[in-house]
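*Asks:* My questions will all concern the structure given below.
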Amino acid sequence: MSETATLPRRSAADRGPLLSATGVTKTFRVARNSSGNTRLTALDGVDLRLGRGETLGLVGESGCGKSTLARVLLLLERPDSGEIRFDGVDPFALKGRELLAWRRRVQMVFQDPYASLNARMTAADIIAEPWRTHRDVMPTASARAARVRELLDLVGLREGDAERYPQEFSGGQRQRIGIARALALDPEIIVCDEPVSALDLSVQAQVLNLLTDLQQQLGVSYVFISHDLSVVRHVADRVSVMYLGKVIEQGPTEDVFDRPLHPYTAALMSAAPTLDRSPAAQGRKRILLEGEVPSPLNPPSGCRFRTRCPYAAARCAEVEPAPVVAGSVSGSVSGSVDSPTTPVADDVEQPTATSAAAAGLGSAAVNPRHVEHLGLCHFPLDASGAPIHS
Ligand SMILES: Nc1ncnc2c1ncn2[C@@H]1O[C@H](COP(=O)(O)OP(=O)(O)OP(=O)(O)O)[C@@H](O)[C@H]1O
């Protein structure tokens with residue numbers, strides 16, 4: 001790899017999440033509607049973090065804010081409030097060329113490899129396109145040609161493919177070109193927005209395996225947006241579940257899938273086919289998800305899922321729930337931060353006490369190791385899938 005392609009990076013000793021969002025809110029101005037609102041809240045106090053070399057799955061129904069969050073993480077959309085920290089720096093405090101240089105570090109793989117590649121450009125030109133904006137990365141034609149060959153090889157295409165046009169490739173091959181383009185700037189994070197949903201099932205596995213191999217080779221982190229929960233379960237280390245502009249549950253993939261705290265997560269999981277034949281999985285209560293996501297122009301009071309939640313009580317309309325921790329709901333007590341059910345490995349990056357406080361836990365005494373699996377619900381679910389009424 002060319003030396004100019006490599007950005008100065010922090011030492012491995014300087015650990016901490018690669019990217020974090022704290023209290024990120026994003027609104028859009030829209031035409032006045034029947035409720036009189038002219039601002040739509042697409043993101044409402046989002047907290048999340050992405051570790052180095054980690055895959056964070058982002059799930060939720062259409063309109064919940066996944067793409068808006070992706071655009072903020074790509075540094076394309078500036079939040080109204082809250083903070084983004086990327087490698088310890090607030091990139092939105094930067095301007096001009098400095099901000100542009102940070103944007104290089106987060107790239108994107110798009111959903112539709114048929115629509116996202118310019119039919120009039122060769123594969124080589126498509127892969128080289130990001131270097132037009134970031135000229136200093138690959139300044140000479142010979143360096144660009146050599147790097148295109150390397151990238152084609154990296155994504156499993158041949159050197160001879162360089163001069164072919166998108167329509168001469170299959171869907172899977174086109175997505176490989178899209179991945180090579182995303183890698184051209186040597187990013188640390190790639191936001192994958194439904195990267196396999198437009199592909200045949202047999203090809204999906206190949207592209208997912210390629211993404212996993214690249215992560216192992218290059219140490220790149222992924223934010224992986226998908227409606228397909230089986231795909232997310234396969235690729236993600238951690239999952240954030242979004243509902244109407246909020247992250248309502250997040251934690252290690254296995255915990256969120258197998259022991260969801262929030263009825264919305266449980267409902268999403270109920271709708272997805274499961275291969276888990278264990279008695280615990282088979283015995284879990286299933287929740288039928290009915291109706292539509294309410295408008296973000298006029299979200300419900302209190303818990304925003306309450307209008308569709310089978311367990312909603314009066315309190316859910318009155319008070320917005322604060323996060324509860326997985327360990328505290330294994331018994332009948334909610335809201336405590338003791339005794340996590342999920343052991344956390346030492347080398348897993350943990351949220352800081354500050355982010356715990358920002359998440360509403362509000363105590364300096366909170367052990368950050370205990371806030372790995374959070375849910376925003378007054379009556380979180382126990383291991384059998386029943387709500388705990390404390
Ligand atoms: N530029 C914009 N102007 C006005 N409203 C917007 C804009 N971008 C997004 N929205 C609104 O913000 C909300 C969240 O949209 P977003 O696209 O982030 O959701 P999503 O979860 O990615 O949905 P999908 O899965 O369908 O892509 C929606 O109500 C959407 O209509």
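Labels used: A, B, ... for chains in the order of the structure tokens, numbers from 1 for residues in each chain, and numbers from 1 for ligands as shown.
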Write out as a list in words each polymer residue whose atoms come within 7 Å of segment 218-224 of chain A, counting only C-alpha atoms; drop sequence neighbours fewer than 3 positions from it.

*Replies:*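 Everything that qualifies: Arg52, Gly53, Glu54, Thr55, Leu56, Gly57, Leu58, Glu188, Ile189, Ile190, Val191, Cys192, Asp193, Leu214 and Gln215 of chain A.
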
*Asks:* Kindly compile the residues surrounding ligand 1 within 7 Å, counting only C-alpha atoms and all ligand atoms, and format them as a PyMOL selection string.

*Replies:* chain A and resi 28-30+40-42+60-69+245+295-296

*Asks:* Pull N, CA and C atoms from the residues just selected and write them as a PDB file, in the first residue's frame.

*Replies:*
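Saved result, result-v2.pdb, follows:
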ATOM      1  N   PHE A  28     -35.032  17.590  11.009  1.00  0.00           N
ATOM      2  CA  PHE A  28     -35.147  18.140   9.649  1.00  0.00           C
ATOM      3  C   PHE A  28     -36.354  19.069   9.598  1.00  0.00           C
ATOM      4  N   ARG A  29     -36.195  20.145   8.863  1.00  0.00           N
ATOM      5  CA  ARG A  29     -37.320  21.053   8.662  1.00  0.00           C
ATOM      6  C   ARG A  29     -38.234  20.456   7.585  1.00  0.00           C
ATOM      7  N   VAL A  30     -39.530  20.378   7.887  1.00  0.00           N
ATOM      8  CA  VAL A  30     -40.485  19.826   6.916  1.00  0.00           C
ATOM      9  C   VAL A  30     -41.702  20.746   6.827  1.00  0.00           C
ATOM     10  N   LEU A  40     -38.969  17.568  12.092  1.00  0.00           N
ATOM     11  CA  LEU A  40     -39.079  16.127  12.271  1.00  0.00           C
ATOM     12  C   LEU A  40     -37.806  15.651  12.982  1.00  0.00           C
ATOM     13  N   THR A  41     -37.994  14.927  14.068  1.00  0.00           N
ATOM     14  CA  THR A  41     -36.818  14.452  14.818  1.00  0.00           C
ATOM     15  C   THR A  41     -36.448  13.061  14.317  1.00  0.00           C
ATOM     16  N   ALA A  42     -35.407  13.011  13.487  1.00  0.00           N
ATOM     17  CA  ALA A  42     -34.984  11.722  12.909  1.00  0.00           C
ATOM     18  C   ALA A  42     -34.111  10.952  13.884  1.00  0.00           C
ATOM     19  N   GLY A  60     -33.815  -2.127  12.781  1.00  0.00           N
ATOM     20  CA  GLY A  60     -35.034  -1.385  13.113  1.00  0.00           C
ATOM     21  C   GLY A  60     -35.848  -1.241  11.844  1.00  0.00           C
ATOM     22  N   GLU A  61     -37.151  -0.996  12.021  1.00  0.00           N
ATOM     23  CA  GLU A  61     -38.014  -0.880  10.847  1.00  0.00           C
ATOM     24  C   GLU A  61     -37.686   0.366  10.035  1.00  0.00           C
ATOM     25  N   SER A  62     -38.248   0.404   8.856  1.00  0.00           N
ATOM     26  CA  SER A  62     -38.071   1.534   7.961  1.00  0.00           C
ATOM     27  C   SER A  62     -38.479   2.842   8.642  1.00  0.00           C
ATOM     28  N   GLY A  63     -37.666   3.872   8.481  1.00  0.00           N
ATOM     29  CA  GLY A  63     -38.014   5.190   9.019  1.00  0.00           C
ATOM     30  C   GLY A  63     -37.567   5.402  10.455  1.00  0.00           C
ATOM     31  N   CYS A  64     -36.840   4.441  11.036  1.00  0.00           N
ATOM     32  CA  CYS A  64     -36.423   4.573  12.447  1.00  0.00           C
ATOM     33  C   CYS A  64     -35.189   5.448  12.616  1.00  0.00           C
ATOM     34  N   GLY A  65     -34.510   5.786  11.519  1.00  0.00           N
ATOM     35  CA  GLY A  65     -33.370   6.703  11.624  1.00  0.00           C
ATOM     36  C   GLY A  65     -32.019   6.081  11.316  1.00  0.00           C
ATOM     37  N   LYS A  66     -32.014   4.862  10.808  1.00  0.00           N
ATOM     38  CA  LYS A  66     -30.735   4.173  10.558  1.00  0.00           C
ATOM     39  C   LYS A  66     -29.882   4.925   9.529  1.00  0.00           C
ATOM     40  N   SER A  67     -30.509   5.328   8.414  1.00  0.00           N
ATOM     41  CA  SER A  67     -29.731   6.015   7.370  1.00  0.00           C
ATOM     42  C   SER A  67     -29.271   7.386   7.843  1.00  0.00           C
ATOM     43  N   THR A  68     -30.116   8.073   8.603  1.00  0.00           N
ATOM     44  CA  THR A  68     -29.714   9.386   9.126  1.00  0.00           C
ATOM     45  C   THR A  68     -28.519   9.216  10.060  1.00  0.00           C
ATOM     46  N   LEU A  69     -28.577   8.203  10.908  1.00  0.00           N
ATOM     47  CA  LEU A  69     -27.450   7.952  11.807  1.00  0.00           C
ATOM     48  C   LEU A  69     -26.195   7.614  10.990  1.00  0.00           C
ATOM     49  N   GLY A 245     -36.133   6.939  16.016  1.00  0.00           N
ATOM     50  CA  GLY A 245     -35.075   7.911  16.301  1.00  0.00           C
ATOM     51  C   GLY A 245     -34.248   7.633  17.542  1.00  0.00           C
ATOM     52  N   SER A 295     -45.481   8.498  13.300  1.00  0.00           N
ATOM     53  CA  SER A 295     -44.706   9.537  12.620  1.00  0.00           C
ATOM     54  C   SER A 295     -43.690  10.173  13.568  1.00  0.00           C
ATOM     55  N   PRO A 296     -42.457  10.351  13.121  1.00  0.00           N
ATOM     56  CA  PRO A 296     -41.473  11.044  13.965  1.00  0.00           C
ATOM     57  C   PRO A 296     -41.805  12.524  14.129  1.00  0.00           C
TER      58      PRO A 296
END

*Asks:* Could you check the closest approach to Leu18 of chain A for each of A:Leu50, A:Ile248, A:Met138, A:Val232 and tell me which residue wins, using only C-alpha atoms?

*Replies:*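 Answer, going by the shortest atom-to-atom distance: A:Leu50.
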
*Asks:* Based on DSSP run over this structure's backbone, return all residues of segment 180-299 of chain A in strand (DSSP E or B), as a PyMOL selection string.

*Replies:* chain A and resi 189-193+221-225+238-243+246-252

*Asks:* May I have the residues within 12 Å of His234 of chain A as a list in words, using only C-alpha atoms and disregarding those fewer than 2 positions away in the same chain?

*Replies:*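 Counting only C-alpha atoms, the residues come to Thr55, Leu56, Gly57, Gln204, Ala205, Leu208, Asn209, Leu211, Thr212, Phe224, Ser226, Asp228, Leu229, Ser230, Val231, Val232, Ala236, Asp237, Arg238, Val239, Thr253, Glu254, Phe257 and Leu275 of chain A.
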
*Asks:* Could you dump the residues just selected with N, CA and C atoms as a PDB file, in the first residue's frame?

*Replies:*
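The resulting out29.pdb:
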ATOM      1  N   THR A  55     -17.802  -5.171  14.335  1.00  0.00           N
ATOM      2  CA  THR A  55     -18.971  -4.928  13.484  1.00  0.00           C
ATOM      3  C   THR A  55     -20.166  -4.617  14.368  1.00  0.00           C
ATOM      4  N   LEU A  56     -20.742  -3.446  14.144  1.00  0.00           N
ATOM      5  CA  LEU A  56     -21.932  -3.038  14.889  1.00  0.00           C
ATOM      6  C   LEU A  56     -23.134  -3.157  13.950  1.00  0.00           C
ATOM      7  N   GLY A  57     -24.084  -4.023  14.303  1.00  0.00           N
ATOM      8  CA  GLY A  57     -25.302  -4.150  13.503  1.00  0.00           C
ATOM      9  C   GLY A  57     -26.290  -3.076  13.907  1.00  0.00           C
ATOM     10  N   GLN A 204     -25.107 -13.815  -1.568  1.00  0.00           N
ATOM     11  CA  GLN A 204     -25.052 -13.059  -0.312  1.00  0.00           C
ATOM     12  C   GLN A 204     -23.962 -13.608   0.602  1.00  0.00           C
ATOM     13  N   ALA A 205     -23.927 -14.944   0.742  1.00  0.00           N
ATOM     14  CA  ALA A 205     -22.954 -15.559   1.653  1.00  0.00           C
ATOM     15  C   ALA A 205     -21.532 -15.253   1.205  1.00  0.00           C
ATOM     16  N   LEU A 208     -20.740 -11.637   2.128  1.00  0.00           N
ATOM     17  CA  LEU A 208     -20.570 -11.513   3.586  1.00  0.00           C
ATOM     18  C   LEU A 208     -19.239 -12.114   4.022  1.00  0.00           C
ATOM     19  N   ASN A 209     -18.879 -13.243   3.425  1.00  0.00           N
ATOM     20  CA  ASN A 209     -17.582 -13.850   3.769  1.00  0.00           C
ATOM     21  C   ASN A 209     -16.435 -12.945   3.353  1.00  0.00           C
ATOM     22  N   LEU A 211     -16.519  -9.671   3.231  1.00  0.00           N
ATOM     23  CA  LEU A 211     -16.446  -8.566   4.209  1.00  0.00           C
ATOM     24  C   LEU A 211     -15.764  -9.042   5.497  1.00  0.00           C
ATOM     25  N   THR A 212     -16.090 -10.259   5.926  1.00  0.00           N
ATOM     26  CA  THR A 212     -15.473 -10.801   7.146  1.00  0.00           C
ATOM     27  C   THR A 212     -13.972 -11.006   6.943  1.00  0.00           C
ATOM     28  N   PHE A 224     -23.127  -1.998  10.203  1.00  0.00           N
ATOM     29  CA  PHE A 224     -23.808  -2.864   9.251  1.00  0.00           C
ATOM     30  C   PHE A 224     -25.321  -2.702   9.412  1.00  0.00           C
ATOM     31  N   SER A 226     -29.067  -3.504   8.327  1.00  0.00           N
ATOM     32  CA  SER A 226     -29.790  -4.534   7.570  1.00  0.00           C
ATOM     33  C   SER A 226     -31.156  -4.790   8.181  1.00  0.00           C
ATOM     34  N   ASP A 228     -32.362  -7.710   7.478  1.00  0.00           N
ATOM     35  CA  ASP A 228     -32.296  -9.170   7.571  1.00  0.00           C
ATOM     36  C   ASP A 228     -31.560  -9.554   8.856  1.00  0.00           C
ATOM     37  N   LEU A 229     -32.354  -9.971   9.853  1.00  0.00           N
ATOM     38  CA  LEU A 229     -31.756 -10.224  11.167  1.00  0.00           C
ATOM     39  C   LEU A 229     -30.817 -11.423  11.154  1.00  0.00           C
ATOM     40  N   SER A 230     -31.074 -12.388  10.273  1.00  0.00           N
ATOM     41  CA  SER A 230     -30.165 -13.547  10.250  1.00  0.00           C
ATOM     42  C   SER A 230     -28.794 -13.117   9.732  1.00  0.00           C
ATOM     43  N   VAL A 231     -28.768 -12.152   8.814  1.00  0.00           N
ATOM     44  CA  VAL A 231     -27.491 -11.626   8.324  1.00  0.00           C
ATOM     45  C   VAL A 231     -26.779 -10.873   9.452  1.00  0.00           C
ATOM     46  N   VAL A 232     -27.523 -10.054  10.187  1.00  0.00           N
ATOM     47  CA  VAL A 232     -26.927  -9.285  11.282  1.00  0.00           C
ATOM     48  C   VAL A 232     -26.373 -10.230  12.345  1.00  0.00           C
ATOM     49  N   ALA A 236     -22.501  -9.472  13.007  1.00  0.00           N
ATOM     50  CA  ALA A 236     -22.278  -8.392  13.991  1.00  0.00           C
ATOM     51  C   ALA A 236     -21.733  -8.905  15.324  1.00  0.00           C
ATOM     52  N   ASP A 237     -20.811  -8.142  15.899  1.00  0.00           N
ATOM     53  CA  ASP A 237     -20.340  -8.424  17.261  1.00  0.00           C
ATOM     54  C   ASP A 237     -21.322  -7.836  18.270  1.00  0.00           C
ATOM     55  N   ARG A 238     -21.814  -6.646  17.948  1.00  0.00           N
ATOM     56  CA  ARG A 238     -22.769  -5.978  18.816  1.00  0.00           C
ATOM     57  C   ARG A 238     -23.891  -5.446  17.952  1.00  0.00           C
ATOM     58  N   VAL A 239     -25.041  -5.217  18.586  1.00  0.00           N
ATOM     59  CA  VAL A 239     -26.216  -4.753  17.835  1.00  0.00           C
ATOM     60  C   VAL A 239     -26.846  -3.563  18.550  1.00  0.00           C
ATOM     61  N   THR A 253     -24.290  -9.192  20.326  1.00  0.00           N
ATOM     62  CA  THR A 253     -25.287  -9.760  19.414  1.00  0.00           C
ATOM     63  C   THR A 253     -26.054 -10.922  20.042  1.00  0.00           C
ATOM     64  N   GLU A 254     -25.307 -11.854  20.635  1.00  0.00           N
ATOM     65  CA  GLU A 254     -25.971 -13.038  21.175  1.00  0.00           C
ATOM     66  C   GLU A 254     -26.978 -12.667  22.260  1.00  0.00           C
ATOM     67  N   PHE A 257     -30.084 -10.935  20.711  1.00  0.00           N
ATOM     68  CA  PHE A 257     -30.925 -11.879  19.971  1.00  0.00           C
ATOM     69  C   PHE A 257     -31.583 -12.903  20.898  1.00  0.00           C
ATOM     70  N   LEU A 275     -32.961 -20.519  13.888  1.00  0.00           N
ATOM     71  CA  LEU A 275     -32.441 -21.887  13.777  1.00  0.00           C
ATOM     72  C   LEU A 275     -32.164 -22.450  15.167  1.00  0.00           C
TER      73      LEU A 275
END

*Asks:* Using only C-alpha atoms, which of A:Pro195, A:Leu244, A:Arg147, A:Gln250 sits nearest Leu297 of chain A?

*Replies:*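 When distances to Leu297 of chain A are compared using only C-alpha atoms, the smallest one comes from A:Leu244.
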
*Asks:* I'd like the contact shell of Lys26 of chain A - 6 Å cut-off, only C-alpha atoms, skipping same-chain residues fewer than 4 positions apart - returned as a count of residues only.

*Replies:* 4

*Asks:* From the set A:Asn118, A:Gln111, A:Thr27, A:Asn37, which residue has the shortest atom-to-atom contact distance to Ser81 of chain A, counting only C-alpha atoms?

*Replies:* A:Thr27

*Asks:* Point out the residue among A:Arg97, A:Arg181, A:Arg144, A:His262 with the least atom-to-atom distance to Pro130 of chain A, counting only C-alpha atoms.

*Replies:*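 Between A:Arg97, A:Arg181, A:Arg144, A:His262, the residue approaching Pro130 of chain A most closely is A:Arg181.
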
*Asks:* Would you return as a ChimeraX atom specification the members of segment 47-152 of chain A that DSSP assigns to helix (DSSP H, G or I) on this structure's backbone?

*Replies:* /A:66-73,91-93,96-103,123-128,130-133,135-137,141-152

*Asks:* Any chance you could export the current selection's N, CA and C atoms as a short mmCIF file (atom, residue, chain, number, x, y, z; two decimals), in the first residue's frame?

*Replies:*
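The new file again_17.cif reads:
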data_model
loop_
_atom_site.label_atom_id
_atom_site.label_comp_id
_atom_site.auth_asym_id
_atom_site.auth_seq_id
_atom_site.Cartn_x
_atom_site.Cartn_y
_atom_site.Cartn_z
N LYS A 66 -32.01 4.86 10.81
CA LYS A 66 -30.73 4.17 10.56
C LYS A 66 -29.88 4.92 9.53
N SER A 67 -30.51 5.33 8.41
CA SER A 67 -29.73 6.01 7.37
C SER A 67 -29.27 7.39 7.84
N THR A 68 -30.12 8.07 8.60
CA THR A 68 -29.71 9.39 9.13
C THR A 68 -28.52 9.22 10.06
N LEU A 69 -28.58 8.20 10.91
CA LEU A 69 -27.45 7.95 11.81
C LEU A 69 -26.20 7.61 10.99
N ALA A 70 -26.38 6.80 9.94
CA ALA A 70 -25.24 6.46 9.09
C ALA A 70 -24.63 7.72 8.49
N ARG A 71 -25.47 8.64 8.03
CA ARG A 71 -24.96 9.87 7.41
C ARG A 71 -24.22 10.76 8.42
N VAL A 72 -24.69 10.72 9.67
CA VAL A 72 -23.96 11.47 10.72
C VAL A 72 -22.61 10.80 10.97
N LEU A 73 -22.60 9.47 11.04
CA LEU A 73 -21.34 8.76 11.30
C LEU A 73 -20.38 8.91 10.13
N PRO A 91 -14.87 15.43 15.06
CA PRO A 91 -14.56 15.83 13.69
C PRO A 91 -15.39 17.04 13.21
N PHE A 92 -16.56 17.25 13.83
CA PHE A 92 -17.39 18.38 13.40
C PHE A 92 -16.83 19.72 13.89
N ALA A 93 -15.83 19.65 14.77
CA ALA A 93 -15.16 20.90 15.17
C ALA A 93 -14.15 21.30 14.10
N GLY A 96 -13.19 22.51 6.47
CA GLY A 96 -12.49 22.48 5.19
C GLY A 96 -11.68 21.22 4.97
N ARG A 97 -10.38 21.41 4.67
CA ARG A 97 -9.53 20.28 4.29
C ARG A 97 -9.36 19.28 5.43
N GLU A 98 -9.39 19.82 6.66
CA GLU A 98 -9.21 18.92 7.82
C GLU A 98 -10.40 17.97 7.94
N LEU A 99 -11.61 18.52 7.78
CA LEU A 99 -12.81 17.67 7.86
C LEU A 99 -12.81 16.67 6.71
N LEU A 100 -12.41 17.14 5.52
CA LEU A 100 -12.35 16.26 4.35
C LEU A 100 -11.40 15.08 4.63
N ALA A 101 -10.27 15.37 5.26
CA ALA A 101 -9.31 14.31 5.57
C ALA A 101 -9.91 13.29 6.52
N TRP A 102 -10.74 13.76 7.47
CA TRP A 102 -11.38 12.81 8.40
C TRP A 102 -12.43 11.99 7.68
N ARG A 103 -13.08 12.60 6.69
CA ARG A 103 -14.12 11.86 5.95
C ARG A 103 -13.54 10.65 5.23
N ALA A 123 -14.47 -0.54 -14.34
CA ALA A 123 -14.26 -0.91 -12.93
C ALA A 123 -13.08 -0.13 -12.37
N ALA A 124 -12.01 0.01 -13.16
CA ALA A 124 -10.81 0.73 -12.68
C ALA A 124 -11.16 2.18 -12.35
N ASP A 125 -11.94 2.83 -13.23
CA ASP A 125 -12.30 4.24 -12.98
C ASP A 125 -13.20 4.38 -11.74
N ILE A 126 -14.09 3.40 -11.58
CA ILE A 126 -14.99 3.45 -10.41
C ILE A 126 -14.18 3.33 -9.12
N ILE A 127 -13.24 2.37 -9.12
CA ILE A 127 -12.45 2.15 -7.90
C ILE A 127 -11.56 3.37 -7.62
N ALA A 128 -11.09 4.02 -8.71
CA ALA A 128 -10.16 5.16 -8.55
C ALA A 128 -10.89 6.47 -8.26
N PRO A 130 -12.66 7.80 -5.78
CA PRO A 130 -12.44 8.57 -4.54
C PRO A 130 -11.12 9.36 -4.56
N TRP A 131 -10.16 8.94 -5.35
CA TRP A 131 -8.87 9.65 -5.40
C TRP A 131 -8.97 10.97 -6.16
N ARG A 132 -10.10 11.17 -6.86
CA ARG A 132 -10.29 12.47 -7.53
C ARG A 132 -10.52 13.55 -6.48
N THR A 133 -11.31 13.21 -5.44
CA THR A 133 -11.56 14.18 -4.37
C THR A 133 -10.36 14.26 -3.43
N ARG A 135 -6.93 13.86 -3.80
CA ARG A 135 -5.85 13.72 -4.79
C ARG A 135 -4.53 13.30 -4.16
N ASP A 136 -4.30 13.79 -2.94
CA ASP A 136 -3.00 13.52 -2.32
C ASP A 136 -2.80 12.04 -1.98
N VAL A 137 -3.90 11.28 -1.90
CA VAL A 137 -3.78 9.88 -1.48
C VAL A 137 -3.03 9.06 -2.53
N ALA A 141 -0.39 8.45 -11.77
CA ALA A 141 -1.18 7.49 -12.54
C ALA A 141 -0.66 6.07 -12.32
N SER A 142 0.65 5.92 -12.21
CA SER A 142 1.18 4.56 -12.05
C SER A 142 0.82 4.00 -10.67
N ALA A 143 0.84 4.86 -9.64
CA ALA A 143 0.44 4.40 -8.30
C ALA A 143 -1.03 4.03 -8.30
N ARG A 144 -1.85 4.82 -9.00
CA ARG A 144 -3.29 4.53 -9.05
C ARG A 144 -3.53 3.18 -9.74
N ALA A 145 -2.85 2.96 -10.87
CA ALA A 145 -3.06 1.71 -11.62
C ALA A 145 -2.63 0.51 -10.77
N ALA A 146 -1.51 0.66 -10.08
CA ALA A 146 -1.01 -0.46 -9.26
C ALA A 146 -1.97 -0.75 -8.11
N ARG A 147 -2.50 0.31 -7.51
CA ARG A 147 -3.40 0.13 -6.36
C ARG A 147 -4.74 -0.47 -6.81
N VAL A 148 -5.21 -0.07 -8.01
CA VAL A 148 -6.45 -0.66 -8.53
C VAL A 148 -6.26 -2.17 -8.68
N ARG A 149 -5.09 -2.58 -9.19
CA ARG A 149 -4.83 -4.03 -9.35
C ARG A 149 -4.85 -4.72 -7.99
N GLU A 150 -4.22 -4.08 -7.00
CA GLU A 150 -4.21 -4.67 -5.64
C GLU A 150 -5.62 -4.80 -5.09
N LEU A 151 -6.42 -3.75 -5.30
CA LEU A 151 -7.78 -3.76 -4.74
C LEU A 151 -8.66 -4.80 -5.43
N LEU A 152 -8.49 -4.94 -6.76
CA LEU A 152 -9.25 -5.96 -7.48
C LEU A 152 -8.93 -7.34 -6.91
#

*Asks:* Go ahead and compute the interatomic distance for atom CA of Arg286 of chain A and atom CA of Ala317 of chain A, in Å to one decimal.

*Replies:* 23.1 Å

*Asks:* Tell me, in Å to one decimal, how far atom CA of Gly160 of chain A is from atom CA of Leu183 of chain A.

*Replies:*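 These two atoms are separated by 19.3 Å.
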
*Asks:* Taking only C-alpha atoms into account, name the residue in A:Arg39, A:His389, A:Arg85, A:Arg78 that is nearest to Gly51 of chain A.

*Replies:*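 Ranking A:Arg39, A:His389, A:Arg85, A:Arg78 by distance to Gly51 of chain A, first place goes to A:Arg85.
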
*Asks:* Quick one: pull the distance between atom CA of Leu75 of chain A and atom CA of Ser116 of chain A, Å, one decimal.

*Replies:*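 Between these atoms lies a distance of 19.8 Å.
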
*Asks:* Using only C-alpha atoms, can you tell me which of A:Arg315, A:His373, A:Arg105, A:Lys95 comes closest to Pro187 of chain A?

*Replies:* A:Arg105
